[in-house]
>>> print(open('input06.csv').read())   # CSV, C-alpha atoms and all ligand atoms
chain,number,residue,atom,x,y,z
N,1,MET,CA,0.0,0.0,0.0
N,2,SER,CA,1.4,3.4,-0.9
N,3,SER,CA,1.9,5.7,2.0
N,4,GLU,CA,0.2,8.7,0.4
N,5,PRO,CA,-3.6,8.4,0.6
N,6,LEU,CA,-5.7,9.3,-2.4
N,7,LEU,CA,-7.4,12.1,-0.4
N,8,ARG,CA,-6.2,13.7,2.8
N,9,VAL,CA,-8.3,16.1,4.8
N,10,GLU,CA,-6.5,17.8,7.7
N,11,ASN,CA,-8.1,19.9,10.3
N,12,LEU,CA,-10.8,21.2,7.9
N,13,LYS,CA,-13.0,24.0,9.1
N,14,THR,CA,-15.9,25.3,7.2
N,15,GLN,CA,-18.2,28.0,8.6
N,16,PHE,CA,-21.3,29.9,7.6
N,17,PHE,CA,-21.4,33.5,8.5
N,18,THR,CA,-25.1,34.1,9.1
N,19,GLU,CA,-27.1,36.9,10.8
N,20,GLU,CA,-27.6,34.6,13.8
N,21,GLY,CA,-23.9,34.0,14.2
N,22,THR,CA,-21.1,31.8,12.9
N,23,VAL,CA,-22.2,28.3,12.1
N,24,ARG,CA,-19.2,26.0,12.8
N,25,ALA,CA,-20.5,23.4,10.4
N,26,VAL,CA,-17.2,21.5,10.0
N,27,ASP,CA,-14.9,22.2,12.9
N,28,GLY,CA,-11.5,20.7,12.5
N,29,ILE,CA,-12.0,17.3,11.0
N,30,SER,CA,-9.2,15.1,9.7
N,31,PHE,CA,-9.5,11.9,7.7
N,32,GLU,CA,-8.1,10.1,4.7
N,33,VAL,CA,-9.3,8.0,1.9
N,34,ARG,CA,-7.0,5.4,0.4
N,35,GLU,CA,-7.1,3.8,-2.9
N,36,GLY,CA,-9.9,1.4,-3.4
N,37,GLU,CA,-11.6,1.8,-0.1
N,38,ILE,CA,-15.1,2.9,1.0
N,39,VAL,CA,-15.0,5.3,3.9
N,40,GLY,CA,-18.1,6.1,5.8
N,41,LEU,CA,-19.0,9.6,7.1
N,42,VAL,CA,-21.8,9.0,9.5
N,43,GLY,CA,-23.8,11.1,12.0
N,44,GLU,CA,-27.2,12.7,12.7
N,45,SER,CA,-28.7,15.4,10.6
N,46,GLY,CA,-26.7,18.6,10.9
N,47,ALA,CA,-23.5,16.9,11.9
N,48,GLY,CA,-21.7,18.5,9.0
N,49,LYS,CA,-21.4,15.5,6.6
N,50,SER,CA,-22.7,17.4,3.5
N,51,VAL,CA,-20.7,20.5,4.3
N,52,ALA,CA,-17.6,18.4,4.6
N,53,SER,CA,-18.4,16.8,1.2
N,54,MET,CA,-19.0,20.1,-0.5
N,55,SER,CA,-15.8,21.5,0.9
N,56,ILE,CA,-13.8,18.7,-0.7
N,57,MET,CA,-15.6,19.4,-4.0
N,58,GLY,CA,-14.9,23.1,-3.7
N,59,LEU,CA,-18.6,23.7,-3.8
N,60,VAL,CA,-19.2,25.7,-0.6
N,61,GLU,CA,-21.1,28.8,-1.3
N,62,SER,CA,-21.6,32.1,0.4
N,63,PRO,CA,-22.2,32.8,3.3
N,64,GLY,CA,-20.1,29.6,3.7
N,65,GLU,CA,-16.4,29.5,3.5
N,66,ILE,CA,-13.5,27.1,4.3
N,67,VAL,CA,-11.6,28.9,7.0
N,68,GLY,CA,-8.9,26.5,7.9
N,69,GLY,CA,-7.2,23.2,7.2
N,70,GLU,CA,-5.9,21.5,4.2
N,71,ILE,CA,-7.3,19.2,1.5
N,72,THR,CA,-4.9,17.2,-0.7
N,73,TYR,CA,-5.9,14.9,-3.5
N,74,LYS,CA,-3.2,12.7,-5.2
N,75,GLY,CA,-0.6,15.1,-3.8
N,76,GLU,CA,-2.2,18.2,-5.2
N,77,THR,CA,-3.6,20.9,-3.0
N,78,LEU,CA,-7.3,21.4,-3.3
N,79,PHE,CA,-7.3,23.7,-0.4
N,80,GLY,CA,-4.6,25.1,1.8
N,81,LEU,CA,-3.8,28.3,3.7
N,82,GLU,CA,-0.5,30.0,4.7
N,83,GLU,CA,0.4,33.1,6.5
N,84,GLY,CA,0.8,36.0,4.1
N,85,PRO,CA,3.2,39.0,4.4
N,86,ASP,CA,0.7,41.0,6.5
N,87,GLY,CA,0.3,38.1,8.9
N,88,ASP,CA,-3.2,37.2,7.6
N,89,LEU,CA,-4.0,33.8,6.3
N,90,GLN,CA,-4.1,33.5,2.6
N,91,GLU,CA,-4.6,30.8,0.0
N,92,ARG,CA,-1.5,28.9,-0.8
N,93,ASP,CA,0.3,29.3,-4.1
N,94,ASP,CA,0.2,25.6,-4.9
N,95,MET,CA,-3.6,25.5,-4.4
N,96,LEU,CA,-5.4,24.6,-7.6
N,97,SER,CA,-7.5,27.4,-9.0
N,98,SER,CA,-11.3,27.0,-9.0
N,99,GLU,CA,-11.1,26.8,-12.8
N,100,GLU,CA,-8.7,23.8,-12.5
N,101,ILE,CA,-10.9,22.2,-9.9
N,102,ARG,CA,-14.0,22.6,-12.1
N,103,THR,CA,-12.4,21.3,-15.3
N,104,ARG,CA,-9.8,18.8,-14.2
N,105,ILE,CA,-10.9,17.5,-10.8
N,106,ARG,CA,-14.7,17.6,-10.4
N,107,GLY,CA,-16.4,14.8,-12.4
N,108,ASN,CA,-13.2,13.5,-13.9
N,109,GLU,CA,-11.3,12.8,-10.7
N,110,ILE,CA,-13.8,13.2,-8.0
N,111,ALA,CA,-17.5,12.7,-8.7
N,112,VAL,CA,-20.6,13.1,-6.5
N,113,ILE,CA,-23.9,11.3,-6.2
N,114,PHE,CA,-26.6,13.2,-4.3
N,115,GLN,CA,-29.6,12.0,-2.5
N,116,ASP,CA,-32.2,13.3,-4.9
N,117,PRO,CA,-31.7,12.2,-8.5
N,118,MET,CA,-34.4,14.6,-9.7
N,119,GLU,CA,-32.1,17.5,-8.7
N,120,SER,CA,-29.3,16.1,-10.7
N,121,LEU,CA,-31.3,14.9,-13.7
N,122,ASN,CA,-33.0,17.4,-16.0
N,123,PRO,CA,-36.7,16.3,-16.4
N,124,VAL,CA,-37.0,17.7,-19.9
N,125,PHE,CA,-34.2,15.6,-21.5
N,126,THR,CA,-34.1,11.8,-21.9
N,127,VAL,CA,-32.0,9.8,-19.5
N,128,GLY,CA,-29.8,8.5,-22.2
N,129,GLY,CA,-29.4,11.9,-23.8
N,130,GLN,CA,-28.1,13.4,-20.6
N,131,LEU,CA,-25.7,10.6,-19.9
N,132,ARG,CA,-24.5,10.7,-23.5
N,133,GLU,CA,-23.9,14.4,-23.4
N,134,PHE,CA,-22.1,14.2,-20.1
N,135,ILE,CA,-19.8,11.5,-21.6
N,136,GLU,CA,-19.3,13.4,-24.8
N,137,LEU,CA,-18.3,16.6,-23.0
N,138,ASN,CA,-16.1,15.0,-20.4
N,139,ARG,CA,-14.3,12.4,-22.4
N,140,GLY,CA,-14.1,14.0,-25.8
N,141,LEU,CA,-15.9,11.1,-27.6
N,142,SER,CA,-18.0,11.5,-30.7
N,143,GLU,CA,-21.8,11.5,-30.3
N,144,ASP,CA,-22.0,7.9,-31.5
N,145,GLU,CA,-19.2,6.7,-29.4
N,146,ALA,CA,-20.7,8.5,-26.4
N,147,ARG,CA,-24.1,6.9,-27.1
N,148,ALA,CA,-22.7,3.4,-27.2
N,149,GLU,CA,-20.8,4.1,-24.0
N,150,ALA,CA,-23.9,5.5,-22.3
N,151,ILE,CA,-25.9,2.4,-23.2
N,152,ASP,CA,-23.0,0.2,-21.8
N,153,MET,CA,-23.0,2.2,-18.6
N,154,LEU,CA,-26.8,1.9,-18.2
N,155,ARG,CA,-26.4,-1.9,-18.6
N,156,GLU,CA,-23.5,-1.9,-16.2
N,157,VAL,CA,-25.6,-0.3,-13.4
N,158,GLY,CA,-28.4,-2.8,-13.9
N,159,ILE,CA,-30.9,-0.9,-16.1
N,160,PRO,CA,-32.8,-3.6,-18.0
N,161,ASP,CA,-33.2,-3.1,-21.8
N,162,PRO,CA,-30.8,-0.1,-21.8
N,163,GLU,CA,-31.3,0.5,-25.6
N,164,GLU,CA,-35.0,1.1,-25.0
N,165,ARG,CA,-34.8,2.9,-21.7
N,166,TYR,CA,-32.1,5.2,-23.2
N,167,ASP,CA,-34.9,7.3,-24.8
N,168,GLU,CA,-37.1,7.6,-21.7
N,169,TYR,CA,-37.4,10.6,-19.4
N,170,PRO,CA,-36.4,10.6,-15.8
N,171,HIS,CA,-40.0,10.5,-14.5
N,172,GLN,CA,-40.4,7.2,-16.3
N,173,PHE,CA,-37.7,5.7,-14.1
N,174,SER,CA,-38.4,4.5,-10.5
N,175,GLY,CA,-36.4,6.1,-7.7
N,176,GLY,CA,-34.0,3.2,-7.6
N,177,MET,CA,-33.5,3.3,-11.3
N,178,ARG,CA,-32.8,7.0,-11.3
N,179,GLN,CA,-30.2,6.5,-8.6
N,180,ARG,CA,-28.6,3.8,-10.8
N,181,VAL,CA,-28.4,6.4,-13.6
N,182,LEU,CA,-26.6,8.8,-11.3
N,183,ILE,CA,-24.2,6.1,-10.4
N,184,ALA,CA,-23.6,5.5,-14.1
N,185,MET,CA,-23.0,9.2,-14.5
N,186,ALA,CA,-20.6,9.4,-11.6
N,187,LEU,CA,-18.7,6.4,-13.0
N,188,ALA,CA,-18.8,7.6,-16.6
N,189,CYS,CA,-15.5,9.5,-16.4
N,190,GLU,CA,-13.8,6.7,-14.3
N,191,PRO,CA,-13.1,9.0,-11.4
N,192,SER,CA,-10.8,7.7,-8.6
N,193,LEU,CA,-13.1,9.0,-5.9
N,194,ILE,CA,-16.9,9.2,-5.7
N,195,ILE,CA,-18.5,11.1,-2.9
N,196,ALA,CA,-22.0,9.6,-2.3
N,197,ASP,CA,-24.1,11.9,-0.1
N,198,GLU,CA,-27.0,9.8,1.3
N,199,PRO,CA,-27.8,8.4,-2.2
N,200,THR,CA,-30.0,5.6,-0.8
N,201,THR,CA,-31.8,7.4,2.0
N,202,ALA,CA,-35.0,8.0,0.0
N,203,LEU,CA,-35.2,4.5,-1.2
N,204,ASP,CA,-37.1,1.6,0.4
N,205,VAL,CA,-34.9,-1.0,2.2
N,206,THR,CA,-35.0,-3.6,-0.6
N,207,VAL,CA,-34.0,-1.2,-3.3
N,208,GLU,CA,-31.4,0.3,-1.0
N,209,GLY,CA,-29.9,-3.1,-0.5
N,210,GLN,CA,-29.8,-3.7,-4.3
N,211,ILE,CA,-28.0,-0.4,-4.8
N,212,LEU,CA,-25.5,-1.1,-2.1
N,213,ASP,CA,-24.8,-4.5,-3.7
N,214,LEU,CA,-24.3,-2.8,-7.0
N,215,VAL,CA,-21.9,-0.3,-5.6
N,216,ASP,CA,-20.0,-3.1,-3.9
N,217,ASP,CA,-19.6,-4.9,-7.2
N,218,LEU,CA,-18.7,-1.7,-9.2
N,219,GLN,CA,-16.2,-0.7,-6.5
N,220,GLU,CA,-14.4,-4.0,-6.9
N,221,LYS,CA,-14.5,-3.9,-10.6
N,222,TYR,CA,-13.2,-0.3,-11.1
N,223,GLY,CA,-11.2,0.0,-7.9
N,224,THR,CA,-13.0,3.4,-7.2
N,225,SER,CA,-12.7,4.8,-3.7
N,226,PHE,CA,-15.8,6.1,-2.1
N,227,ILE,CA,-16.8,8.5,0.7
N,228,TRP,CA,-20.2,7.2,1.8
N,229,VAL,CA,-22.2,9.8,3.7
N,230,THR,CA,-25.1,8.4,5.7
N,231,HIS,CA,-26.9,8.7,9.0
N,232,ASP,CA,-27.5,4.9,9.0
N,233,LEU,CA,-24.9,2.6,10.6
N,234,GLY,CA,-26.7,-0.3,9.0
N,235,VAL,CA,-25.6,1.0,5.6
N,236,VAL,CA,-22.1,1.5,6.9
N,237,ALA,CA,-22.0,-2.1,8.1
N,238,GLU,CA,-22.9,-3.2,4.6
N,239,ILE,CA,-20.4,-1.4,2.5
N,240,CYS,CA,-17.8,0.6,4.3
N,241,ASP,CA,-14.2,-0.4,5.1
N,242,ARG,CA,-13.5,2.4,7.6
N,243,VAL,CA,-15.8,4.8,9.3
N,244,ASN,CA,-15.6,8.4,10.6
N,245,VAL,CA,-18.4,9.2,13.1
N,246,MET,CA,-19.3,12.9,13.1
N,247,TYR,CA,-21.0,14.9,15.9
N,248,LEU,CA,-21.6,18.6,15.7
N,249,GLY,CA,-18.9,19.4,13.1
N,250,GLU,CA,-16.3,17.1,14.7
N,251,ILE,CA,-15.1,13.5,14.2
N,252,VAL,CA,-15.6,11.7,17.4
N,253,GLU,CA,-14.6,8.2,16.4
N,254,LYS,CA,-12.7,6.6,13.6
N,255,ALA,CA,-12.1,2.9,13.1
N,256,THR,CA,-12.5,0.0,10.8
N,257,VAL,CA,-16.1,-1.1,10.5
N,258,ASP,CA,-15.5,-4.2,12.6
N,259,ASP,CA,-13.8,-2.3,15.4
N,260,LEU,CA,-16.5,0.3,15.3
N,261,PHE,CA,-19.3,-2.2,15.7
N,262,TYR,CA,-17.6,-4.7,18.0
N,263,ASP,CA,-15.4,-2.5,20.1
N,264,THR,CA,-17.2,0.8,20.2
N,265,LYS,CA,-15.2,3.5,21.9
N,266,HIS,CA,-17.4,6.6,21.8
N,267,PRO,CA,-20.7,6.9,23.7
N,268,TYR,CA,-22.2,8.7,20.7
N,269,THR,CA,-21.4,5.9,18.3
N,270,ASN,CA,-22.9,3.6,20.9
N,271,ALA,CA,-26.1,5.6,21.0
N,272,LEU,CA,-26.2,5.5,17.1
N,273,LEU,CA,-25.8,1.8,17.2
N,274,ASN,CA,-28.6,1.4,19.7
N,275,SER,CA,-30.9,3.4,17.5
N,276,ILE,CA,-30.6,1.2,14.4
N,277,PRO,CA,-33.0,-1.7,13.9
N,278,ARG,CA,-31.4,-5.1,14.2
N,279,PRO,CA,-32.8,-8.4,13.4
N,280,ASP,CA,-32.2,-9.6,16.9
N,281,ARG,CA,-34.2,-6.9,18.6
N,282,THR,CA,-37.9,-5.9,18.3
N,283,VAL,CA,-38.9,-2.4,17.5
N,284,THR,CA,-40.1,-1.7,21.0
N,285,GLU,CA,-36.5,-2.2,22.3
N,286,LEU,CA,-35.0,0.4,20.0
N,287,GLU,CA,-33.6,3.3,21.9
N,288,ALA,CA,-33.8,6.8,20.4
N,289,ILE,CA,-30.8,8.9,21.3
N,290,GLU,CA,-31.7,11.1,24.2
N,291,GLY,CA,-32.1,14.8,23.5
N,292,VAL,CA,-31.5,16.6,20.2
N,293,MET,CA,-28.2,17.7,18.7
N,294,PRO,CA,-27.5,21.3,19.7
N,295,GLU,CA,-26.9,24.0,17.2
N,296,ALA,CA,-23.5,24.3,15.5
N,297,ILE,CA,-23.7,28.1,16.3
N,298,SER,CA,-23.0,27.7,20.0
N,299,PRO,CA,-21.9,24.2,20.6
N,300,PRO,CA,-21.7,23.0,24.3
N,301,SER,CA,-18.4,23.5,26.1
N,302,GLY,CA,-16.0,20.6,26.6
N,303,CYS,CA,-17.1,17.5,24.9
N,304,ARG,CA,-19.9,18.6,22.6
N,305,PHE,CA,-21.8,15.4,23.3
N,306,HIS,CA,-21.8,15.7,27.1
N,307,PRO,CA,-25.3,17.1,27.5
N,308,ARG,CA,-26.7,13.9,25.9
N,309,CYS,CA,-24.1,11.4,27.1
N,310,PRO,CA,-24.9,8.6,29.6
N,311,ASP,CA,-21.3,8.4,30.6
N,312,ALA,CA,-20.7,12.1,31.1
N,313,ARG,CA,-18.9,13.4,34.2
N,314,GLU,CA,-18.0,16.8,35.4
N,315,VAL,CA,-14.7,16.8,33.5
N,316,CYS,CA,-16.6,16.3,30.2
N,317,LYS,CA,-18.1,19.8,30.6
N,318,ARG,CA,-14.5,21.3,30.6
N,319,ALA,CA,-12.1,19.1,28.6
N,320,HIS,CA,-12.5,19.3,24.9
N,321,PRO,CA,-11.2,16.0,23.5
N,322,ASP,CA,-9.7,15.7,20.1
N,323,VAL,CA,-9.6,12.2,18.6
N,324,LYS,CA,-6.8,10.1,20.0
N,325,VAL,CA,-5.7,6.5,19.5
N,326,VAL,CA,-7.5,4.6,22.3
N,327,ALA,CA,-7.0,1.0,21.1
N,328,ASP,CA,-4.8,-1.0,18.7
N,329,GLY,CA,-7.7,-2.0,16.5
N,330,ASP,CA,-7.5,-4.6,13.9
N,331,GLY,CA,-4.5,-3.5,11.9
N,332,GLU,CA,-5.6,0.1,12.1
N,333,PRO,CA,-5.4,2.4,15.1
N,334,HIS,CA,-8.8,2.9,16.7
N,335,GLN,CA,-9.4,6.6,17.5
N,336,ALA,CA,-12.0,8.2,19.7
N,337,ALA,CA,-12.6,11.6,21.3
N,338,CYS,CA,-13.8,10.7,24.8
N,339,VAL,CA,-11.9,11.4,28.0
N,340,LYS,CA,-13.2,8.2,29.7
N,341,HIS,CA,-10.3,6.4,27.9
N,342,ASP,CA,-7.0,6.1,29.7
N,343,ALA,CA,-5.2,7.6,26.7
N,344,PHE,CA,-6.6,11.0,27.7
N,345,ASP,CA,-5.5,11.0,31.3
N,346,ALA,CA,-8.0,13.8,32.0
N,347,GLY,CA,-9.1,12.6,35.4
N,348,TYR,CA,-12.3,11.0,34.3
N,349,ASP,CA,-12.3,8.3,36.9
N,350,GLN,CA,-12.0,10.7,39.8
N,351,SER,CA,-14.5,13.1,38.2
N,352,PRO,CA,-18.0,13.3,39.8
N,353,SER,CA,-20.8,12.2,37.6
N,354,LEU,CA,-23.3,14.6,36.1
N,355,GLU,CA,-26.6,14.1,37.8
N,356,GLY,CA,-29.5,13.1,35.5
N,357,VAL,CA,-27.6,14.4,32.5
N,358,ALA,CA,-29.0,12.0,30.0
N,359,VAL,CA,-32.5,12.2,31.3
N,360,ASP,CA,-33.3,15.8,30.8
N,361,ALA,CA,-30.6,16.7,28.3
N,362,GLY,CA,-32.2,18.7,25.6
N,363,PRO,CA,-32.1,22.3,24.4
N,364,ALA,CA,-31.9,23.6,28.0
N,365,ALA,CA,-28.9,21.5,28.8
N,366,ALA,CA,-27.2,22.6,25.6
N,367,GLN,CA,-27.7,26.3,26.2
N,368,GLU,CA,-24.7,26.9,28.4
N,369,PRO,CA,-21.6,27.1,26.3
N,370,GLU,CA,-19.0,29.0,28.3
N,371,SER,CA,-18.6,31.5,25.6
N,372,GLU,CA,-20.4,31.6,22.4
N,373,LEU,CA,-17.9,31.2,19.6
N,374,THR,CA,-14.9,30.2,21.6
N,375,ALA,CA,-16.0,27.2,23.6
N,376,ASN,CA,-12.5,25.9,23.5
N,377,PRO,CA,-10.2,28.8,24.2
N,378,ALA,CA,-6.5,28.2,23.7
N,379,GLY,CA,-4.6,27.9,26.9
N,380,ASP,CA,-7.4,26.1,28.7
N,381,ASP,CA,-5.9,24.2,31.5
N,382,SER,CA,-8.0,21.1,31.2
N,383,GLY,CA,-5.3,18.6,30.6
N,384,GLY,CA,-3.9,19.6,27.2
N,385,GLU,CA,-6.5,17.8,25.2
N,386,ASN,CA,-7.7,21.0,23.6
N,387,ARG,CA,-7.2,21.7,20.0
N,388,GLU,CA,-4.6,24.4,19.1
G,401,LIG,N1,-26.0,27.5,3.5
G,401,LIG,C1,-26.0,27.3,4.9
G,401,LIG,N2,-26.1,28.4,5.7
G,401,LIG,C2,-26.1,28.3,7.0
G,401,LIG,N3,-25.9,27.2,7.7
G,401,LIG,C3,-25.7,26.0,6.9
G,401,LIG,C4,-25.8,26.1,5.5
G,401,LIG,N4,-25.6,24.8,5.0
G,401,LIG,C5,-25.4,24.0,6.1
G,401,LIG,N5,-25.5,24.8,7.3
G,401,LIG,C6,-25.4,24.3,8.6
G,401,LIG,O1,-24.2,23.5,8.7
G,401,LIG,C7,-24.4,22.4,9.6
G,401,LIG,C8,-24.0,21.1,9.0
G,401,LIG,O2,-25.0,20.9,7.9
G,401,LIG,P1,-24.9,19.6,6.9
G,401,LIG,O3,-25.8,19.8,5.8
G,401,LIG,O4,-23.5,19.4,6.6
G,401,LIG,O5,-25.3,18.4,7.9
G,401,LIG,P2,-25.5,16.9,7.5
G,401,LIG,O6,-24.7,16.1,8.4
G,401,LIG,O7,-25.2,16.7,6.0
G,401,LIG,O8,-27.0,16.6,7.8
G,401,LIG,P3,-28.1,15.8,7.0
G,401,LIG,O9,-28.0,14.4,7.4
G,401,LIG,O10,-29.4,16.4,7.4
G,401,LIG,O11,-27.9,16.0,5.5
G,401,LIG,C9,-25.8,22.5,10.1
G,401,LIG,O12,-25.9,23.2,11.3
G,401,LIG,C10,-26.5,23.4,9.0
G,401,LIG,O13,-27.6,24.1,9.5
G,402,NI,NI,-26.3,16.1,4.4
>>> encode(input="input06.csv", output="structure tokens", more="lines below")
Ligand SMILES: Nc1ncnc2c1ncn2[C@@H]1O[C@H](COP(=O)(O)OP(=O)(O)OP(=O)(O)O)[C@@H](O)[C@H]1O
Ligand code: NI
Amino acid sequence: MSSEPLLRVENLKTQFFTEEGTVRAVDGISFEVREGEIVGLVGESGAGKSVASMSIMGLVESPGEIVGGEITYKGETLFGLEEGPDGDLQERDDMLSSEEIRTRIRGNEIAVIFQDPMESLNPVFTVGGQLREFIELNRGLSEDEARAEAIDMLREVGIPDPEERYDEYPHQFSGGMRQRVLIAMALACEPSLIIADEPTTALDVTVEGQILDLVDDLQEKYGTSFIWVTHDLGVVAEICDRVNVMYLGEIVEKATVDDLFYDTKHPYTNALLNSIPRPDRTVTELEAIEGVMPEAISPPSGCRFHPRCPDAREVCKRAHPDVKVVADGDGEPHQAACVKHDAFDAGYDQSPSLEGVAVDAGPAAAQEPESELTANPAGDDSGGENRE
């Protein structure tokens, strides 16, 4: 395995500057995608999964902005900052221009599949026509060659009778079939990386299963890497190799799929696991996660999950943990951001428990960040676990 991953995201921060305040949508996440692997990005609604994906694609729009970190793809800098002559941060010289990202990277190197195919497909053109045009433009093929390729791709993603279906319109396709078309479109330029943002969420379970099987097959055949965005750990279990669990703009646990499921290290991941249906449990036994995720404008102090965490203690209100290696894992370090692990040495064991925290955690419990936008001030003396 080569040492340089396909994609490397380092301490990425993306914020939205709104009238209500600064939304710290992605707040210092780091992860990598290696060649040929499917990496999960999982978390509840609002965790920052889509904003992270858009940041990688260079598609964050005003009032949003990447304000920190670095994104490298195949050794090229998609985003990077450095200190300028006046001391302010400025974009680095070696950073690809938005023109280069648009023409050379997006679609050709990194493709996206979104949740709603109707947003990506134009209802007034035929499915085949759109696919053909996309292939023609991006791969410089003649119209006839592109048509033949489009039909091949439709067959490849499991559209029956692709010659006939080629001339049909998006509304004549079922939701699952439309999603297959988007997969065909994403694969058409043979990108090295596909970012799939909840592409199966709107589908029923059977169709979802079929699409996941298809992706698994195609992944093997083409060797494409994927970032698979989902709120569903069941989906993660089915197709991912490694997983990053996000909570309120941060990654709180990273591990291989097996380690994540069988040796869970973060209470939030545990809560997510308890909230997914499993064949060995009846529906009445399912636990919803207590409380709601607070706003990314004023995240709770300390560990952002502490107001909802069954394991929370006093120290969790103060110490902000970054992810750290907490176990060897199965050939891959297992990282978690929770001070209950020895690796943090934050005094968790001696710390008094928080009374009734998981019972009435909710908006009220989340309303007490120590200071609005700097919940983790530098120089905090809480054990050196703080960022920066
Ligand atoms: N254009 C925007 N303006 C202001 N805030 C935004 C904007 N887009 C996203 N956000 C905020 O950024 C945070 C992260 O949103 P994001 O869409 O990435 O969540 P997500 O994990 O993808 O959730 P979901 O599962 O619902 O898609 C949220 O607090 C959201 O409100
Ligand atoms: Ni999203």
>>> residues_around(input="input06.csv", residues="Val127 (chain N)", least_positions_apart="5", cutoff="7 Å", atoms="all atoms listed in the file", output="list in words")
Tyr166, Asp167, Glu168, Tyr169 and Pro170 of chain N
>>> residues_near_ligand(input="input06.csv", ligand="ligand LIG 401 (chain G)", cutoff="8 Å", atoms="all atoms listed in the file", output="NGL selection string")
:N and (15-18 or 23-26 or 42-53 or 61-64 or 197-198 or 229-231 or 246 or 248-249 or 295-297)
>>> atom_distance(input="input06.csv", atom1="CA of Glu314 (chain N)", atom2="CA of Pro333 (chain N)")
27.9 Å
>>> closest_residue(input="input06.csv", among="N:Met54, N:Ala148, N:Leu193, N:Val157", to="ligand NI 402 (chain G)", atoms="only C-alpha atoms and all ligand atoms")
N:Met54
>>> residues_around(input="input06.csv", residues="Leu233 (chain N)", least_positions_apart="5", cutoff="10 Å", atoms="only C-alpha atoms", output="list in words")
Gly40, Leu41, Val42, Gly43, Glu238, Cys240, Val243, Val245, Val257, Leu260, Phe261, Thr269, Leu272, Leu273, Asn274, Ser275, Ile276 and Pro277 of chain N
>>> closest_residue(input="input06.csv", among="N:His266, N:Ala343, N:Gly107, N:Ser98", to="Val60 (chain N)", atoms="all atoms listed in the file")
N:Ser98
>>> closest_residue(input="input06.csv", among="N:Gly87, N:Ala196, N:Ala188, N:Tyr73", to="ligand NI 402 (chain G)", atoms="only C-alpha atoms and all ligand atoms")
N:Ala196
>>> atom_distance(input="input06.csv", atom1="CA of Arg92 (chain N)", atom2="CA of Phe79 (chain N)")
7.8 Å
>>> atom_distance(input="input06.csv", atom1="CA of Leu7 (chain N)", atom2="CA of Ser120 (chain N)")
24.5 Å
>>> closest_residue(input="input06.csv", among="N:Ile251, N:Ile227, N:Ala327, N:Val112", to="Arg304 (chain N)", atoms="only C-alpha atoms")
N:Ile251
>>> closest_residue(input="input06.csv", among="N:Pro199, N:Gly58, N:Pro321, N:Pro267", to="ligand NI 402 (chain G)", atoms="all atoms listed in the file")
N:Pro199
>>> closest_residue(input="input06.csv", among="N:Ser142, N:Ser225, N:Thr72, N:Gln115", to="ligand NI 402 (chain G)", atoms="only C-alpha atoms and all ligand atoms")
N:Gln115
>>> residues_around(input="input06.csv", residues="Leu78 (chain N)", least_positions_apart="6", cutoff="7 Å", atoms="only C-alpha atoms", output="list in words")
Ile71, Thr72, Met95 and Leu96 of chain N
>>> residues_around(input="input06.csv", residues="Asp213 (chain N)", least_positions_apart="4", cutoff="9 Å", atoms="all atoms listed in the file", output="PyMOL selection string")
chain N and resi 208-209+217-218+238-239
>>> residues_around(input="input06.csv", residues="Asp204 (chain N)", least_positions_apart="5", cutoff="12 Å", atoms="only C-alpha atoms", output="list of chain:residue names")
N:Ser174, N:Gly175, N:Gly176, N:Pro199, N:Gly209, N:Gln210, N:Ile211
